[in-house]
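Participant: work09.txt is the file, holding compact mmCIF, C-alpha atoms:
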# COMPACT_ATOMS: atom_id res chain seq x y z
CA MET A 1 138.85 42.71 3.13
CA THR A 2 138.97 44.69 6.37
CA ASP A 3 136.22 46.90 7.77
CA PHE A 4 138.30 49.94 6.85
CA ASP A 5 138.54 48.78 3.22
CA LEU A 6 134.77 48.33 3.13
CA LEU A 7 134.29 51.82 4.56
CA VAL A 8 136.57 53.35 1.94
CA ASP A 9 134.79 51.43 -0.84
CA ASN A 10 131.43 52.71 0.41
CA LEU A 11 132.74 56.27 0.51
CA VAL A 12 134.15 55.94 -3.01
CA GLU A 13 130.81 54.67 -4.28
CA ARG A 14 128.99 57.50 -2.51
CA HIS A 15 131.29 60.10 -4.07
CA ARG A 16 130.83 58.57 -7.51
CA ARG A 17 127.10 59.19 -7.15
CA THR A 18 127.72 62.78 -6.05
CA PRO A 19 127.21 65.43 -8.78
CA LEU A 20 130.54 66.32 -10.38
CA LEU A 21 130.36 70.00 -9.47
CA THR A 22 129.55 69.47 -5.79
CA LEU A 23 133.13 69.15 -4.55
CA PRO A 24 134.60 72.00 -6.65
CA ARG A 25 131.75 74.23 -5.50
CA ARG A 26 132.37 73.26 -1.86
CA VAL A 27 136.10 74.02 -2.13
CA ALA A 28 135.48 77.28 -4.00
CA ASN A 29 132.90 78.46 -1.46
CA ALA A 30 135.23 77.66 1.43
CA ALA A 31 138.11 79.50 -0.23
CA LEU A 32 135.95 82.53 -1.02
CA LEU A 33 134.56 82.68 2.51
CA GLY A 34 138.02 82.44 4.05
CA ALA A 35 139.37 85.02 1.62
CA ALA A 36 136.53 87.42 2.40
CA ILE A 37 137.22 87.23 6.14
CA THR A 38 140.94 87.66 5.54
CA LEU A 39 140.32 90.67 3.30
CA LEU A 40 138.27 92.30 6.05
CA LEU A 41 141.16 91.80 8.47
CA VAL A 42 143.62 93.30 5.97
CA LEU A 43 141.33 96.29 5.46
CA ALA A 44 141.15 96.70 9.24
CA TRP A 45 144.96 96.75 9.33
CA GLY A 46 144.95 99.27 6.49
CA LEU A 47 146.04 99.15 2.87
CA ARG A 48 149.55 100.29 2.05
CA PRO A 49 149.43 104.08 1.67
CA ASP A 50 150.96 104.05 -1.81
CA ILE A 51 148.76 101.29 -3.21
CA ALA A 52 147.54 103.43 -6.12
CA SER A 53 151.05 104.09 -7.43
CA ALA A 54 152.30 100.62 -6.43
CA SER A 55 149.56 98.95 -8.47
CA ALA A 56 151.07 100.50 -11.58
CA THR A 57 154.30 98.53 -11.09
CA LEU A 58 155.07 95.00 -12.26
CA GLY A 59 156.56 94.06 -8.88
CA PHE A 60 153.25 94.66 -7.12
CA TRP A 61 151.46 92.18 -9.39
CA VAL A 62 154.27 89.65 -9.16
CA LYS A 63 153.91 89.79 -5.38
CA LEU A 64 150.15 89.21 -5.59
CA GLY A 65 150.57 86.56 -8.26
CA PHE A 66 153.10 84.61 -6.17
CA GLY A 67 150.63 84.01 -3.36
CA ALA A 68 147.69 83.54 -5.73
CA GLY A 69 149.58 80.96 -7.78
CA LEU A 70 150.40 78.87 -4.71
CA ALA A 71 146.80 79.18 -3.51
CA VAL A 72 145.46 77.94 -6.86
CA ALA A 73 147.88 74.99 -6.82
CA GLY A 74 146.78 74.07 -3.30
CA LEU A 75 143.07 74.36 -4.08
CA ALA A 76 143.46 72.29 -7.25
CA ALA A 77 145.25 69.57 -5.28
CA LEU A 78 142.51 69.56 -2.64
CA LEU A 79 139.98 68.56 -5.29
CA ALA A 80 141.86 65.25 -5.48
CA LEU A 81 142.75 64.89 -1.81
CA PHE A 82 139.15 65.37 -0.69
CA ARG A 83 138.12 62.31 -2.73
CA PRO A 84 139.37 58.94 -1.39
CA GLU A 85 139.71 57.20 -4.77
CA HIS A 86 142.02 59.76 -6.37
CA PRO A 87 145.77 59.16 -6.77
CA ALA A 88 148.42 61.52 -5.43
CA PRO A 89 147.54 65.04 -6.61
CA ARG A 90 149.83 65.86 -9.54
CA ARG A 91 148.34 69.33 -9.53
CA LEU A 92 150.81 70.22 -6.78
CA GLY A 93 153.26 70.53 -9.65
CA LEU A 94 151.54 73.83 -10.41
CA THR A 95 153.53 75.30 -7.51
CA ALA A 96 156.54 75.29 -9.85
CA ILE A 97 155.02 78.16 -11.87
CA PRO A 98 154.87 80.88 -9.16
CA LEU A 99 158.16 79.65 -7.71
CA ALA A 100 159.87 79.94 -11.10
CA VAL A 101 158.40 83.41 -11.66
CA ILE A 102 159.56 84.73 -8.29
CA VAL A 103 163.06 83.26 -8.75
CA ALA A 104 163.28 84.96 -12.16
CA ALA A 105 162.12 88.22 -10.59
CA VAL A 106 164.80 87.95 -7.90
CA PHE A 107 167.54 87.43 -10.48
CA LYS A 108 166.27 90.38 -12.49
CA GLU A 109 166.24 92.53 -9.35
CA ALA A 110 169.74 91.39 -8.35
CA SER A 111 171.09 92.39 -11.75
CA ALA A 112 169.62 95.89 -11.52
CA VAL A 113 170.75 96.99 -8.04
CA SER A 114 173.92 96.99 -5.99
CA GLU A 115 174.65 94.34 -3.38
CA ALA A 116 173.89 96.76 -0.54
CA GLU A 117 170.57 97.74 -2.12
CA LEU A 118 169.68 94.08 -2.64
CA VAL A 119 170.31 93.31 1.04
CA ALA A 120 168.15 96.29 2.02
CA LEU A 121 165.36 95.10 -0.24
CA TRP A 122 165.69 91.55 1.13
CA VAL A 123 165.41 92.58 4.79
CA GLY A 124 163.05 95.51 4.29
CA ARG A 125 161.35 96.89 7.38
CA THR A 126 158.99 94.04 8.23
CA ALA A 127 160.99 90.88 7.57
CA PHE A 128 160.43 89.25 10.93
CA ALA A 129 156.77 90.24 11.24
CA CYS A 130 155.77 89.23 7.72
CA PRO A 131 155.76 85.40 8.07
CA PHE A 132 153.74 85.51 11.28
CA ALA A 133 151.25 87.95 9.75
CA ILE A 134 150.74 85.56 6.83
CA VAL A 135 150.21 82.63 9.20
CA ALA A 136 147.72 84.63 11.30
CA LEU A 137 145.77 85.69 8.22
CA SER A 138 145.69 82.10 6.95
CA ILE A 139 143.56 80.93 9.88
CA ALA A 140 140.18 81.90 8.41
CA PRO A 141 140.65 80.21 5.02
CA ALA A 142 142.22 77.19 6.75
CA ILE A 143 139.19 76.74 9.02
CA ALA A 144 136.81 77.06 6.07
CA LEU A 145 138.78 74.49 4.04
CA ILE A 146 139.01 72.12 7.01
CA ILE A 147 135.22 72.23 7.35
CA ALA A 148 134.93 71.50 3.62
CA GLY A 149 137.39 68.64 4.05
CA ARG A 150 135.46 67.11 6.92
CA ARG A 151 132.35 67.11 4.73
CA SER A 152 134.33 65.17 2.12
CA ALA A 153 136.37 61.98 2.55
CA PRO A 154 140.12 62.61 2.64
CA THR A 155 142.24 59.58 3.54
CA ARG A 156 145.73 61.12 3.50
CA LEU A 157 145.09 63.45 6.38
CA ARG A 158 148.62 64.75 6.98
CA LEU A 159 149.15 65.54 3.29
CA THR A 160 145.68 67.06 3.04
CA GLY A 161 146.36 69.23 6.08
CA GLY A 162 149.61 70.43 4.57
CA VAL A 163 147.92 71.29 1.28
CA ILE A 164 145.18 73.15 3.15
CA GLY A 165 148.04 75.13 4.71
CA LEU A 166 149.47 75.79 1.24
CA ALA A 167 146.13 77.03 -0.11
CA SER A 168 145.26 79.14 2.94
CA GLY A 169 148.80 80.50 3.18
CA GLY A 170 148.69 81.46 -0.49
CA ILE A 171 145.35 83.21 -0.01
CA SER A 172 146.61 85.12 3.03
CA ALA A 173 149.90 86.06 1.33
CA THR A 174 147.98 87.43 -1.66
CA LEU A 175 145.76 89.62 0.48
CA TYR A 176 148.55 90.58 2.89
CA ALA A 177 150.37 92.05 -0.12
CA LEU A 178 147.69 94.76 -0.20
CA HIS A 179 148.93 95.89 3.21
CA CYS A 180 152.64 95.08 2.96
CA PRO A 181 154.79 98.08 1.95
CA GLU A 182 157.81 96.01 0.86
CA THR A 183 158.82 96.16 -2.79
CA GLY A 184 161.75 93.73 -3.02
CA MET A 185 161.30 90.47 -4.90
CA ALA A 186 163.96 88.92 -2.68
CA PHE A 187 161.79 89.90 0.29
CA VAL A 188 158.77 88.13 -1.20
CA ALA A 189 160.76 85.05 -2.21
CA THR A 190 162.09 84.69 1.35
CA TRP A 191 159.66 85.99 3.94
CA TYR A 192 156.40 85.38 2.12
CA LEU A 193 157.54 81.86 1.33
CA ILE A 194 158.53 81.25 4.95
CA GLY A 195 155.07 82.36 6.07
CA ILE A 196 153.37 80.03 3.60
CA LEU A 197 155.65 77.11 4.56
CA LEU A 198 154.82 77.70 8.22
CA ALA A 199 151.14 77.42 7.32
CA VAL A 200 151.92 74.19 5.45
CA LEU A 201 153.78 72.81 8.47
CA ILE A 202 150.99 73.70 10.88
CA GLY A 203 148.43 72.17 8.53
CA ALA A 204 150.42 68.94 8.23
CA ILE A 205 150.74 68.68 12.02
CA CYS A 206 147.07 69.43 12.71
CA GLY A 207 145.58 67.64 9.71
CA PRO A 208 145.31 64.14 11.18
CA ARG A 209 143.42 65.46 14.19
CA LEU A 210 141.23 68.12 12.54
CA LEU A 211 140.30 66.15 9.40
CA ARG A 212 139.61 62.82 11.09
CA TRP A 213 136.22 61.30 10.28
Have the structure of the file written as structure tokens, please.

Facilitator:
Amino acid sequence: MTDFDLLVDNLVERHRRTPLLTLPRRVANAALLGAAITLLLVLAWGLRPDIASASATLGFWVKLGFGAGLAVAGLAALLALFRPEHPAPRRLGLTAIPLAVIVAAVFKEASAVSEAELVALWVGRTAFACPFAIVALSIAPAIALIIAGRRSAPTRLRLTGGVIGLASGGISATLYALHCPETGMAFVATWYLIGILLAVLIGAICGPRLLRW
């Protein structure tokens, strides 16, 4: 048995002695702290002017639910990735739920409007700014989750970094929706998803360096 194997075994034993709620509490606190900072930034940018009327529409809640669903899937997977003895996190399969919902919403939208209207909804007014805004807003929750990860014992650092990007990107996309004036489901399915995937990519690239212990 190598020194690395002994180290992992010691970490596994240490985590088995850790109270069961310690890790979920650590992840939840990190997510809440990152979300609170992100919310303050969104409020500084300003809420969409029609948020009162928009909140009465199904599309508004689908847009929020898309980001929130991906964030929940990422956070659930991190509960496994932050513990060295756990197998590959099957909870990432939860991402299929928000993805299926947004695809269904796009098809419903496409059946209700003309092709020209669908293209207009897809591009909107902020298509090229949206992904970068989501990435920028994901920084605070990503930092908080990285700190939580460094206090744990992840061994698959690139995967863990990518999932941190998924969770933080989902959090930022959810809160960015409070500012974003776009209403098209095709817009959300494309540009929101691109922003979240960029956060995943950045997390996967930076994970091995930032999560190393």

Participant: Dig up all the protein and nucleic acid residues within 8 Å of (144.8, 85.6, -0.1) in the file frame, using all atoms listed in the file, and format them as a ChimeraX atom specification.

Facilitator: /A:35,38-39,67-68,71,138,168-176

Participant: With C-alpha atoms retained, export the selected residues as an mmCIF file, keeping the file's coordinate frame.

Facilitator:
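Okay, this is what ended up in part-v7.cif:
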data_model
loop_
_atom_site.group_PDB
_atom_site.id
_atom_site.type_symbol
_atom_site.label_atom_id
_atom_site.label_comp_id
_atom_site.auth_asym_id
_atom_site.auth_seq_id
_atom_site.Cartn_x
_atom_site.Cartn_y
_atom_site.Cartn_z
ATOM 1 C CA ALA A 35 139.370 85.020 1.620
ATOM 2 C CA THR A 38 140.940 87.660 5.540
ATOM 3 C CA LEU A 39 140.320 90.670 3.300
ATOM 4 C CA GLY A 67 150.630 84.010 -3.360
ATOM 5 C CA ALA A 68 147.690 83.540 -5.730
ATOM 6 C CA ALA A 71 146.800 79.180 -3.510
ATOM 7 C CA SER A 138 145.690 82.100 6.950
ATOM 8 C CA SER A 168 145.260 79.140 2.940
ATOM 9 C CA GLY A 169 148.800 80.500 3.180
ATOM 10 C CA GLY A 170 148.690 81.460 -0.490
ATOM 11 C CA ILE A 171 145.350 83.210 -0.010
ATOM 12 C CA SER A 172 146.610 85.120 3.030
ATOM 13 C CA ALA A 173 149.900 86.060 1.330
ATOM 14 C CA THR A 174 147.980 87.430 -1.660
ATOM 15 C CA LEU A 175 145.760 89.620 0.480
ATOM 16 C CA TYR A 176 148.550 90.580 2.890
#

Participant: Looking at A:Ile147, A:Ala142, A:Ala177, A:Cys130, which one is nearest to Ile194 (chain A), with distances taken over all atoms listed in the file?

Facilitator: A:Cys130

Participant: May I ask for the distance between CA of His179 (chain A) and CA of Leu43 (chain A), given in Å to one decimal place?

Facilitator: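 According to the coordinates, CA of His179 (chain A) and CA of Leu43 (chain A) are separated by 7.9 Å.
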
Participant: Tell me, as number ranges by chain, which residues lie within 10 Å of Phe187 (chain A), counting all atoms listed in the file; anything in the same chain fewer than 6 positions away does not count.

Facilitator: A: 63, 106, 118-127, 130, 193

Participant: Point out the residue among A:Phe82, A:Trp45, A:Phe132, A:Phe107 with the least atom-to-atom distance to Gly195 (chain A), counting all atoms listed in the file.

Facilitator: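 Of A:Phe82, A:Trp45, A:Phe132, A:Phe107, the one nearest Gly195 (chain A) is A:Phe132, counting all atoms listed in the file.
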
Participant: I'd like the contact shell of Ala199 (chain A) - 7 Å cut-off, only C-alpha atoms, skipping same-chain residues fewer than 5 positions apart - returned as a list in words.

Facilitator: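 Returned residues: Val135, Gly165, Leu166 and Gly169 of chain A.
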
Participant: Do you know which residues are at most 6 Å from Gly34 (chain A) counting all atoms listed in the file, after dropping those on the same chain fewer than 2 positions away, and could you put them as a list in words?

Facilitator: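 The residues that qualify are Ala31, Leu32, Ala36, Ile37, Ala140, Pro141 and Ala144 of chain A.
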
Participant: Calculate how many Å separate CA of Lys108 (chain A) from CA of Leu92 (chain A), rounding to one decimal.

Facilitator: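 Spanning CA of Lys108 (chain A) to CA of Leu92 (chain A) is a straight-line distance of 26.0 Å.
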
Participant: Please compute the CA of Pro49 (chain A)-CA of Glu182 (chain A) distance, one decimal, in Å.

Facilitator: 11.7 Å

Participant: Using only C-alpha atoms, which of the listed residues (A:Ala167, A:Val103, A:Ala56, A:Leu47) sits closest to Met185 (chain A)?

Facilitator: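 Selected residue with least distance to Met185 (chain A): A:Val103.
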
Participant: Using only C-alpha atoms, which of A:Ala153, A:Ile102, A:Cys206, A:Ala28 sits nearest Leu64 (chain A)?

Facilitator: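 Distance minimum relative to Leu64 (chain A) lands on A:Ile102.
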
Participant: Just checking: using all atoms listed in the file, which residue out of A:Leu201, A:Ile139, A:Ile196, A:Ala30 ends up closest to Gly161 (chain A)?

Facilitator: A:Leu201

Participant: For Ser152 (chain A), find every residue with an atom within 9 Å (counting all atoms listed in the file), except residues of its own chain fewer than 4 positions away, and show them as a PDB file with C-alpha atoms, in the frame of the given file.

Facilitator:
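To be explicit, this is the file written out as around-v3.pdb:
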ATOM      1  CA  HIS A  15     131.290  60.100  -4.070  1.00  0.00           C
ATOM      2  CA  LEU A  23     133.130  69.150  -4.550  1.00  0.00           C
ATOM      3  CA  PHE A  82     139.150  65.370  -0.690  1.00  0.00           C
ATOM      4  CA  ARG A  83     138.120  62.310  -2.730  1.00  0.00           C
ATOM      5  CA  PRO A  84     139.370  58.940  -1.390  1.00  0.00           C
ATOM      6  CA  ILE A 147     135.220  72.230   7.350  1.00  0.00           C
ATOM      7  CA  ALA A 148     134.930  71.500   3.620  1.00  0.00           C
TER       8      ALA A 148
END

Participant: Taking into account only C-alpha atoms, which residue in the set A:Ser55, A:Thr160, A:Thr22, A:Ser114 is nearest to Gly74 (chain A)?

Facilitator: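 Distance minimum relative to Gly74 (chain A) lands on A:Thr160.
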
Participant: Give me, as a list in words, all polymer residues having an atom no more than 8 Å from Pro98 (chain A), counting all atoms listed in the file and skipping those fewer than 5 positions away in the same chain.

Facilitator: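 The filter keeps Gly65, Phe66, Gly67, Gly69 and Leu70 of chain A.
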